[in-house]
$ cat work12.cif   # mmCIF, C-alpha atoms
data_my_file
loop_
_atom_site.label_atom_id
_atom_site.label_comp_id
_atom_site.auth_asym_id
_atom_site.auth_seq_id
_atom_site.Cartn_x
_atom_site.Cartn_y
_atom_site.Cartn_z
CA MET A 172 25.53 -27.14 19.54
CA GLY A 173 24.30 -26.75 15.95
CA VAL A 174 20.72 -26.06 15.01
CA ARG A 175 18.67 -28.47 12.91
CA LEU A 176 17.12 -26.13 10.39
CA MET A 177 15.55 -25.54 7.00
CA VAL A 178 15.99 -22.59 4.67
CA VAL A 179 12.93 -21.76 2.56
CA ASP A 180 13.08 -18.89 0.10
CA ASP A 181 11.53 -18.02 -3.26
CA HIS A 182 15.05 -17.45 -4.60
CA ARG A 183 16.80 -20.82 -4.76
CA LEU A 184 20.30 -19.38 -5.13
CA LEU A 185 19.88 -17.28 -1.99
CA ALA A 186 18.49 -20.25 -0.08
CA GLU A 187 21.37 -22.50 -1.13
CA ALA A 188 24.01 -19.85 -0.39
CA LEU A 189 22.61 -19.25 3.10
CA ALA A 190 22.35 -22.99 3.74
CA SER A 191 25.97 -23.53 2.70
CA ALA A 192 27.19 -20.73 4.96
CA LEU A 193 25.29 -22.14 7.93
CA LYS A 194 26.60 -25.66 7.31
CA LEU A 195 30.13 -24.30 7.47
CA ARG A 196 29.27 -22.88 10.91
CA GLY A 197 28.27 -26.30 12.22
CA HIS A 198 24.52 -26.31 11.70
CA ARG A 199 22.56 -29.20 10.23
CA VAL A 200 20.55 -28.02 7.23
CA LEU A 201 17.77 -30.47 6.39
CA ALA A 202 16.82 -28.71 3.17
CA ALA A 203 17.37 -25.53 1.23
CA ALA A 204 14.46 -25.00 -1.10
CA ALA A 205 12.55 -22.41 -3.04
CA PRO A 206 8.94 -23.52 -3.06
CA SER A 207 6.05 -21.10 -3.24
CA ALA A 208 2.79 -22.75 -2.29
CA GLY A 209 4.50 -25.84 -0.85
CA ALA A 210 6.65 -24.11 1.76
CA ALA A 211 4.50 -25.10 4.73
CA ASP A 212 4.14 -28.72 3.55
CA LEU A 213 7.90 -29.07 3.28
CA VAL A 214 8.56 -27.72 6.76
CA VAL A 215 5.76 -29.75 8.35
CA SER A 216 7.10 -32.95 6.80
CA ARG A 217 10.71 -32.37 7.93
CA ALA A 218 10.00 -30.81 11.35
CA PRO A 219 13.24 -28.85 11.88
CA GLU A 220 14.03 -26.96 15.07
CA VAL A 221 14.16 -23.68 13.17
CA CYS A 222 12.84 -22.62 9.78
CA LEU A 223 14.34 -19.60 8.04
CA LEU A 224 11.50 -18.39 5.85
CA GLY A 225 12.32 -15.80 3.22
CA THR A 226 9.76 -13.35 1.86
CA ALA A 227 10.18 -10.56 -0.66
CA ALA A 228 6.85 -8.89 0.12
CA PRO A 229 5.99 -8.90 3.84
CA ALA A 230 3.16 -6.42 3.26
CA GLN A 231 1.41 -8.62 0.71
CA PRO A 232 -1.82 -10.27 1.92
CA GLY A 233 -1.18 -13.88 2.86
CA ALA A 234 2.59 -13.45 3.05
CA PHE A 235 2.71 -15.19 6.42
CA ASP A 236 0.08 -17.86 5.80
CA PRO A 237 2.84 -20.53 5.73
CA VAL A 238 3.87 -19.45 9.23
CA VAL A 239 0.32 -19.91 10.49
CA ARG A 240 0.18 -23.41 8.99
CA ILE A 241 3.58 -24.43 10.34
CA LYS A 242 2.80 -23.27 13.87
CA LYS A 243 -0.58 -24.99 13.77
CA GLU A 244 0.79 -28.38 12.74
CA ARG A 245 4.32 -28.17 14.17
CA PRO A 246 4.14 -25.73 17.09
CA GLN A 247 7.62 -26.78 18.24
CA VAL A 248 9.19 -25.36 15.04
CA SER A 249 10.53 -21.83 15.49
CA VAL A 250 10.11 -19.68 12.38
CA VAL A 251 12.44 -16.77 11.67
CA VAL A 252 11.36 -14.55 8.78
CA LEU A 253 14.01 -13.17 6.43
CA GLY A 254 12.75 -10.16 4.53
CA PRO A 255 13.23 -6.53 3.54
CA VAL A 256 12.74 -3.75 6.05
CA PRO A 257 8.95 -3.70 6.35
CA SER A 258 6.61 -1.24 7.92
CA PRO A 259 5.99 -1.74 11.65
CA ARG A 260 2.78 -3.48 10.64
CA GLY A 261 4.81 -5.94 8.56
CA ILE A 262 6.86 -6.97 11.58
CA ALA A 263 3.72 -7.16 13.70
CA ALA A 264 2.01 -9.33 11.07
CA ALA A 265 4.93 -11.79 11.12
CA PHE A 266 4.75 -12.17 14.89
CA ALA A 267 0.96 -12.33 14.86
CA ALA A 268 1.22 -15.28 12.48
CA GLY A 269 3.46 -17.06 14.98
CA ALA A 270 7.00 -16.16 13.87
CA SER A 271 9.70 -16.13 16.52
CA GLY A 272 11.87 -13.58 14.77
CA TYR A 273 12.33 -11.17 11.88
CA VAL A 274 15.73 -10.57 10.31
CA ARG A 275 16.67 -8.37 7.38
CA ASN A 276 17.47 -10.43 4.30
CA ASP A 277 20.75 -8.55 3.91
CA GLU A 278 21.81 -9.29 7.50
CA ARG A 279 25.30 -10.69 8.04
CA ILE A 280 25.50 -14.43 8.67
CA GLU A 281 26.38 -13.75 12.32
CA GLY A 282 23.12 -11.89 12.79
CA VAL A 283 21.10 -14.67 11.18
CA GLU A 284 22.82 -17.22 13.39
CA ARG A 285 22.08 -15.22 16.55
CA ALA A 286 18.41 -15.01 15.58
CA MET A 287 18.29 -18.77 15.02
CA MET A 288 19.79 -19.52 18.42
CA LYS A 289 17.43 -17.13 20.21
CA ALA A 290 14.42 -18.54 18.39
CA ARG A 291 15.37 -22.11 19.32
CA ALA A 292 15.68 -21.00 22.92
CA GLY A 293 12.12 -19.66 22.83
CA GLU A 294 13.10 -15.99 22.68
CA SER A 295 11.96 -13.31 20.26
CA ALA A 296 14.60 -12.46 17.70
CA VAL A 297 14.49 -8.96 16.23
CA SER A 298 17.61 -6.85 15.81
CA PRO A 299 17.70 -3.56 17.73
CA GLN A 300 18.36 -1.71 14.46
CA LEU A 301 15.21 -3.13 12.89
CA LEU A 302 13.13 -2.21 15.92
CA GLN A 303 14.59 1.28 15.88
CA GLN A 304 13.66 1.72 12.22
CA ALA A 305 10.15 0.49 12.93
CA PHE A 306 9.69 2.89 15.83
CA GLU A 307 11.11 5.74 13.74
CA GLU A 308 8.43 5.12 11.13
CA LEU A 309 5.74 5.01 13.79
CA LEU A 310 6.94 8.26 15.34
CA HIS A 311 7.67 10.01 12.05
CA PRO A 312 5.46 8.48 9.35
CA ALA A 313 6.26 9.37 5.77
CA ALA A 314 3.94 12.00 4.37
CA GLN A 315 1.42 10.66 1.90
CA PRO A 316 1.62 12.21 -1.57
CA ASP A 317 -0.93 14.96 -2.12
CA ASP A 318 -3.76 13.73 -4.32
CA GLU A 319 -4.60 17.11 -5.80
CA GLY A 320 -7.46 15.86 -7.95
CA ALA A 321 -9.29 14.27 -5.00
CA ARG A 322 -8.63 17.33 -2.82
CA LEU A 323 -10.02 19.75 -5.41
CA LEU A 324 -13.03 17.53 -6.08
CA GLU A 325 -14.01 17.77 -2.42
CA LEU A 326 -14.21 21.57 -2.77
CA LEU A 327 -16.90 21.46 -5.45
CA THR A 328 -20.58 20.64 -5.19
CA PRO A 329 -21.98 18.12 -7.71
CA ARG A 330 -23.55 21.01 -9.61
CA GLU A 331 -20.23 22.86 -9.77
CA VAL A 332 -18.54 19.69 -11.02
CA GLU A 333 -21.03 19.59 -13.89
CA VAL A 334 -20.30 23.23 -14.66
CA LEU A 335 -16.57 22.46 -14.70
CA MET A 336 -17.17 19.55 -17.08
CA ARG A 337 -19.01 21.85 -19.44
CA VAL A 338 -16.30 24.52 -19.16
CA ALA A 339 -13.71 21.85 -20.00
CA ASP A 340 -15.83 20.92 -23.04
CA GLY A 341 -15.56 24.54 -24.22
CA GLU A 342 -19.17 25.55 -23.54
CA ASP A 343 -19.82 29.25 -23.09
CA THR A 344 -22.28 30.70 -20.56
CA ARG A 345 -25.22 30.44 -22.96
CA LEU A 346 -24.61 26.75 -23.68
CA ILE A 347 -24.05 25.95 -20.00
CA ALA A 348 -27.33 27.65 -19.12
CA ALA A 349 -29.23 25.84 -21.86
CA GLY A 350 -27.70 22.47 -21.08
CA MET A 351 -28.49 22.73 -17.37
CA ASP A 352 -31.89 24.43 -17.75
CA ILE A 353 -30.82 27.44 -15.70
CA ALA A 354 -30.68 31.18 -16.33
CA PRO A 355 -27.48 32.60 -17.88
CA SER A 356 -26.93 34.73 -14.77
CA THR A 357 -27.05 31.60 -12.62
CA ALA A 358 -24.61 29.85 -14.97
CA ARG A 359 -22.21 32.79 -14.66
CA THR A 360 -22.48 32.61 -10.86
CA HIS A 361 -21.65 28.88 -10.89
CA VAL A 362 -18.66 29.47 -13.16
CA GLN A 363 -17.33 32.21 -10.88
CA ARG A 364 -17.69 29.94 -7.86
CA VAL A 365 -15.75 27.19 -9.62
CA LEU A 366 -12.95 29.58 -10.59
CA MET A 367 -12.80 30.92 -7.04
CA LYS A 368 -12.68 27.48 -5.42
CA LEU A 369 -10.01 26.23 -7.82
CA GLU A 370 -8.08 29.49 -7.33
CA VAL A 371 -7.69 30.14 -11.05
CA GLY A 372 -8.33 33.29 -13.04
CA SER A 373 -9.98 32.00 -16.20
CA ARG A 374 -12.02 29.18 -17.69
CA LEU A 375 -8.99 28.05 -19.66
CA GLU A 376 -6.95 27.71 -16.48
CA ALA A 377 -9.79 25.79 -14.84
CA ALA A 378 -9.99 23.35 -17.75
CA ALA A 379 -6.19 22.88 -17.74
CA LEU A 380 -6.15 22.24 -13.99
CA ALA A 381 -8.97 19.70 -14.26
CA ALA A 382 -7.11 17.86 -17.02
CA ARG A 383 -3.76 17.88 -15.19
CA THR A 384 -5.12 16.54 -11.90
CA GLY A 385 -7.58 14.02 -13.35
CA LEU A 386 -10.39 15.77 -11.48
CA LEU A 387 -13.04 15.08 -14.11
CA GLU A 388 -12.13 11.40 -14.41
CA ARG A 389 -12.57 11.06 -10.65
CA ALA A 390 -15.97 12.69 -10.94
CA GLY A 391 -17.02 10.23 -13.62
CA GLY A 392 -16.82 12.81 -16.37
CA GLY A 393 -14.27 13.22 -19.06
CA GLY A 394 -16.41 14.54 -21.87
CA GLY A 395 -19.80 14.19 -23.45
CA ARG A 396 -22.54 16.72 -22.76
CA ALA A 397 -25.62 14.65 -23.32
CA ALA A 398 -25.55 12.62 -20.09
CA ARG A 399 -24.90 15.52 -17.75
CA LYS A 400 -28.25 17.25 -17.54
CA THR A 401 -29.33 17.62 -13.92
CA GLU A 402 -32.41 18.81 -12.14
CA PRO A 403 -32.43 22.50 -11.12
CA GLY A 404 -30.72 23.14 -7.81
CA PRO A 405 -32.26 25.07 -4.94
CA ASP A 406 -30.33 28.19 -5.89
CA ASP A 407 -31.36 28.07 -9.55
CA PRO A 408 -34.31 30.15 -10.74
CA VAL A 409 -36.97 28.26 -12.66
CA PRO A 410 -36.63 29.18 -16.34
CA PRO A 411 -39.59 30.87 -17.96
CA GLN A 412 -42.05 28.61 -19.71
#
$ encode --input "work12.cif" --output "structure tokens"
Amino acid sequence: MGVRLMVVDDHRLLAEALASALKLRGHRVLAAAAPSAGAADLVVSRAPEVCLLGTAAPAQPGAFDPVVRIKKERPQVSVVVLGPVPSPRGIAAAFAAGASGYVRNDERIEGVERAMMKARAGESAVSPQLLQQAFEELLHPAAQPDDEGARLLELLTPREVEVLMRVADGEDTRLIAAGMDIAPSTARTHVQRVLMKLEVGSRLEAAALAARTGLLERAGGGGGRAARKTEPGPDDPVPPQ
């Protein structure tokens, strides 16, 4: 027995092609449309047994708001989401919104049809392959790219960040000491600490590393000496009056 259904997708050609294929397999397609904001209104007004709802961005906030609306006003409608392979959270978000199934948007027509039939029968419809991919990501999450600038910034105290800013501006020890109201010996100590923490051998290397990683931009620097004067730190001797 065919399913009374609707196909809703942002891409009209895809929606119409899927609708045509399902009609040929004996299903009654009430509409094949590509609305954006009006998806829920269309489904609520037609009240199909199953709605195939396409989404290109399952991780986007509000992606499944139409599902929430449909299930609130037409709880008897089973919604099967068609989308790319999402993160496990993406699949969970679809089901949390009230979807009955999640199918890859490149799934063969037989797979889509099976999901429709299961959803109409009140069963959850997720392919084993999709579940396996989701569990694989949970068990072996992709490593996040190393944010070197943020990592290096955490190594430095605020005072050392100011010293690095001044080094990047080309200030020598005398200018650093004068600009920060500290003794030249203290300025040299701060510079050496910065070089040691950044694991570089010279001021030039420190300045190049700061520029390459965006460290100074993260610290709110990026040039200009006038606004960087700070109060003496606890390890700074009070300069002679």
$ atom_distance --input "work12.cif" --atom1 "atom CA of A:Thr360" --atom2 "atom CA of A:Arg322"
22.1 Å
$ resolve_selection --input "work12.cif" --expression "the PyMOL selection byres ((chain A and resi 283) around 10)" --output "PyMOL selection string"
chain A and resi 189+193+223+251+253+272-282+284-288+296+298
$ resolve_selection --input "work12.cif" --expression "the PyMOL selection byres ((chain A and resi 321) around 9)" --output "MDAnalysis selection string"
chainID A and resid 317:320 322:325 384:386 389
$ resolve_selection --input "work12.cif" --expression "the PyMOL selection byres ((chain A and resi 250) around 10)" --output "ChimeraX atom specification"
/A:176-177,214,219-224,237-239,241-242,246-249,251-253,265-266,268-273,287,290-291
$ write_last_selection --input "work12.cif" --atoms "C-alpha atoms" --output "compact mmCIF listing (two decimals), keeping the file's coordinate frame"
# COMPACT_ATOMS: atom_id res chain seq x y z
CA LEU A 176 17.12 -26.13 10.39
CA MET A 177 15.55 -25.54 7.00
CA VAL A 214 8.56 -27.72 6.76
CA PRO A 219 13.24 -28.85 11.88
CA GLU A 220 14.03 -26.96 15.07
CA VAL A 221 14.16 -23.68 13.17
CA CYS A 222 12.84 -22.62 9.78
CA LEU A 223 14.34 -19.60 8.04
CA LEU A 224 11.50 -18.39 5.85
CA PRO A 237 2.84 -20.53 5.73
CA VAL A 238 3.87 -19.45 9.23
CA VAL A 239 0.32 -19.91 10.49
CA ILE A 241 3.58 -24.43 10.34
CA LYS A 242 2.80 -23.27 13.87
CA PRO A 246 4.14 -25.73 17.09
CA GLN A 247 7.62 -26.78 18.24
CA VAL A 248 9.19 -25.36 15.04
CA SER A 249 10.53 -21.83 15.49
CA VAL A 251 12.44 -16.77 11.67
CA VAL A 252 11.36 -14.55 8.78
CA LEU A 253 14.01 -13.17 6.43
CA ALA A 265 4.93 -11.79 11.12
CA PHE A 266 4.75 -12.17 14.89
CA ALA A 268 1.22 -15.28 12.48
CA GLY A 269 3.46 -17.06 14.98
CA ALA A 270 7.00 -16.16 13.87
CA SER A 271 9.70 -16.13 16.52
CA GLY A 272 11.87 -13.58 14.77
CA TYR A 273 12.33 -11.17 11.88
CA MET A 287 18.29 -18.77 15.02
CA ALA A 290 14.42 -18.54 18.39
CA ARG A 291 15.37 -22.11 19.32
$ residues_around --input "work12.cif" --residues "A:His361" --least-positions-apart "3" --cutoff "12 Å" --atoms "only C-alpha atoms" --output "PDB file with C-alpha atoms, in the frame of the given file"
ATOM      1  CA  LEU A 327     -16.900  21.460  -5.450  1.00  0.00           C
ATOM      2  CA  THR A 328     -20.580  20.640  -5.190  1.00  0.00           C
ATOM      3  CA  PRO A 329     -21.980  18.120  -7.710  1.00  0.00           C
ATOM      4  CA  ARG A 330     -23.550  21.010  -9.610  1.00  0.00           C
ATOM      5  CA  GLU A 331     -20.230  22.860  -9.770  1.00  0.00           C
ATOM      6  CA  VAL A 332     -18.540  19.690 -11.020  1.00  0.00           C
ATOM      7  CA  GLU A 333     -21.030  19.590 -13.890  1.00  0.00           C
ATOM      8  CA  VAL A 334     -20.300  23.230 -14.660  1.00  0.00           C
ATOM      9  CA  LEU A 335     -16.570  22.460 -14.700  1.00  0.00           C
ATOM     10  CA  ARG A 337     -19.010  21.850 -19.440  1.00  0.00           C
ATOM     11  CA  VAL A 338     -16.300  24.520 -19.160  1.00  0.00           C
ATOM     12  CA  THR A 344     -22.280  30.700 -20.560  1.00  0.00           C
ATOM     13  CA  ILE A 347     -24.050  25.950 -20.000  1.00  0.00           C
ATOM     14  CA  ALA A 348     -27.330  27.650 -19.120  1.00  0.00           C
ATOM     15  CA  MET A 351     -28.490  22.730 -17.370  1.00  0.00           C
ATOM     16  CA  ILE A 353     -30.820  27.440 -15.700  1.00  0.00           C
ATOM     17  CA  ALA A 354     -30.680  31.180 -16.330  1.00  0.00           C
ATOM     18  CA  PRO A 355     -27.480  32.600 -17.880  1.00  0.00           C
ATOM     19  CA  SER A 356     -26.930  34.730 -14.770  1.00  0.00           C
ATOM     20  CA  THR A 357     -27.050  31.600 -12.620  1.00  0.00           C
ATOM     21  CA  ALA A 358     -24.610  29.850 -14.970  1.00  0.00           C
ATOM     22  CA  ARG A 364     -17.690  29.940  -7.860  1.00  0.00           C
ATOM     23  CA  VAL A 365     -15.750  27.190  -9.620  1.00  0.00           C
ATOM     24  CA  LEU A 366     -12.950  29.580 -10.590  1.00  0.00           C
ATOM     25  CA  MET A 367     -12.800  30.920  -7.040  1.00  0.00           C
ATOM     26  CA  LYS A 368     -12.680  27.480  -5.420  1.00  0.00           C
ATOM     27  CA  ARG A 374     -12.020  29.180 -17.690  1.00  0.00           C
ATOM     28  CA  GLY A 404     -30.720  23.140  -7.810  1.00  0.00           C
ATOM     29  CA  ASP A 406     -30.330  28.190  -5.890  1.00  0.00           C
ATOM     30  CA  ASP A 407     -31.360  28.070  -9.550  1.00  0.00           C
TER      31      ASP A 407
END
$ atom_distance --input "work12.cif" --atom1 "atom CA of A:Ala263" --atom2 "atom CA of A:Gly233"
13.7 Å
$ closest_residue --input "work12.cif" --among "A:Ala211, A:Val179, A:Leu387, A:Leu301" --to "A:Ala227" --atoms "all atoms listed in the file"
A:Val179
$ atom_distance --input "work12.cif" --atom1 "atom CA of A:Leu369" --atom2 "atom CA of A:Leu326"
8.1 Å
$ closest_residue --input "work12.cif" --among "A:Gly197, A:Gly350, A:Arg383, A:Val256" --to "A:Gln300" --atoms "only C-alpha atoms"
A:Val256
